[in-house]
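These notes are about the structure you will find just below.
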Amino acid sequence: MAWTRDQMAERAAQELRDGFYVNLGIGIPTLVSNYIPAGMSVQLQSENGMLGFGPFPYEGEEDPDLINAGKQTVTEILTTSYFSSADSFAMIRGGHIDLSILGAMQVAENGDLANWMIPGKMVKGMGGAMDLVAGVKKVVVVMEHSAKNEPKLLKHCTLPLTGAGVVDMVITDLGVFAIDKKGGGGMTLIELAPGATLDEVRNKTEASYRTSNAL
Amino acid sequence: MLIMAGGFGLCGVPEQLILAIRDSGVKNLTVVSNNCGIDGVGLGLLLDTKQIKKMVSSYVGENKTFAQQYLAGELEIEFNPQGTLAERIRAGGAGIPAFFTRTGAGTQIAEGKEQRQIDGGLYVMERGLVADLSIVHAWMGDTEGNLVYRKTARNFNPMMATAGKVTVAEIEHLVQPGDINPDHIITPGVYVKRLVHVPNAVKHIEQRTVRKRTAAPAGTGEEV
């Protein structure tokens with residue numbers, strides 16, 4: 001069978017490295033924090049102004065002044081620092097965060113990303129997503145391979161972009177793609193989820209891609 | 001009238017000052033704030049009374065009244081990427097009329113704005129923002145107007161304090177000059193024109209997430 005949401009998060013956690021500063025988006029990316037390898041030092045950044053945060057508080061210890069970017073109550077750890085939103089995005093835009101893992105509606109083969117609006121529907125806003133994909137060193141998208149049988153990996157995004165040429169890697173329930181966003185080398189299928197086949201991926205992907213020799 | 005209101009979600013929101021604006025009855029407001037509260041809380045209070053004409057925000061997804069008024073054409077929204085919004089406010093307070101950022105280059109956000117190639121990358125010109133009135137929430141302040149914030153309730157408050165022609169701060173703890181270590185002051189008093197002491201500030205939690213007292217893995221825990 002293809003990967004579950006947790007298995008996709010576990011696969012995304014393989015992109016973590018010791019000493020990394022990481023921003024995790026809402027949804028499956030949040031689950032990645034459950035798979036940080038023991039002994040690895042990873043500091044999580046929350047764009048509302050916190051670097052280094054811990055698990056949810058124990059019941060009764062919630063602090064309204066201590067939340068993450070998803071507005072969830074969290075906790076402080078020994079490495080925690082607080083700063084303003086301007087400092088937070090200086091950190092993000094300035095390239096000081098190593099890895100951003102976030103969800104997407106569509107990704108194109110050149111690394112274009114769409115995840116903030118659907119024309120004609122009530123738009124909630126992009127929050128910090130545009131800044132994250134523009135500034136963070138490595139951008140990994142974790143998403144379902146297709147939505148209601150419509151492909152999400154496309155030749156060109158049809159939805160308004162969050163960022164142009166910003167995605168380095170896409171992890172779906174069927175496999176992992178690398179995107180050479182700077183070199184223009186396009187998209188390459190580098191891993192298959194257990195149970196997924198090359199034919200299945202081919203049938204569910206509109207984008208053109210190469211398949212790694214290892215597969 | 002353009003008002004900046006601090007806060008992220010319901011955290012660090014100048015709730016008492018929002019109530020004062022509601023009670024003043026002033027209308028046709030343009031409000032710059034990262035979010036627009038939730039129904040009946042924070043800036044949601046000013047939606048209920050239809051005092052807001054336009055919001056400049058990065059995310060407004062938590063508010064049903066907002067959606068209704070927007071869809072009815074009663075409310076305008078200008079979406080700014082969150083970091084661009086924060087920097088526009090910082091720049092405004094620092095006397096910088098415009099700056100170039102990579103955020104939003106090549107997207108809808110850049111339409112109608114100057115884009116420029118700098119050092120091989122594409123950047124968008126964004127404008128600094130100043131407000132007629134900034135309202136901020138701080139944890140502690142002295143009578144000189146020096147402010148200290150608490151944890152993630154800092155968020156947009158320090159920049160907004162600098163970008164208001166008049167800045168009013170509500171503070172949970174009022175102290176005398178000298179009581180705050182000068183090294184710890186985040187907003188120097190020069191930016192703050194009025195102080196309102198709110199000793200019993202009511203604070204709201206938007207997403208109450210907790211863990212059981214058994215061992216949990218490091219990180220954030222389960223998704224909600």
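Chains: A, B, ... in order of the structure tokens. Residues: from 1 per chain. Ligands: from 1, in order shown.
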inquiry  = What's around A:Asn68 at 9 Å? Count only C-alpha atoms, leave out sequence neighbours fewer than 2 positions away in its own chain, and write the answer as a PyMOL selection string.
reply    = (chain A and resi 45-50+53+66+70-74) or (chain B and resi 152)
request  = Determine which residues of chain B sit within 8 Å of chain A, taking into account only C-alpha atoms, and present them as JSON, numbers by chain.
outcome  = {"B": [8, 9, 11, 12, 57, 58, 59, 60, 61, 67, 71, 79, 80, 81, 82, 83, 84, 86, 87, 90, 102, 103, 104, 105, 106, 107, 108, 150, 151, 152, 153, 154, 155, 156, 157, 158, 159, 203, 204, 205, 206, 207, 208, 209, 210, 211, 212, 213, 216, 217, 218, 219, 220, 221, 222, 223]}
Residue set, chain B restricted to strand (DSSP E or B), as a count of residues only = 70
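Between atom CA of B:Ser33 and atom CA of B:Leu2 there is a distance of 10.7 Å.
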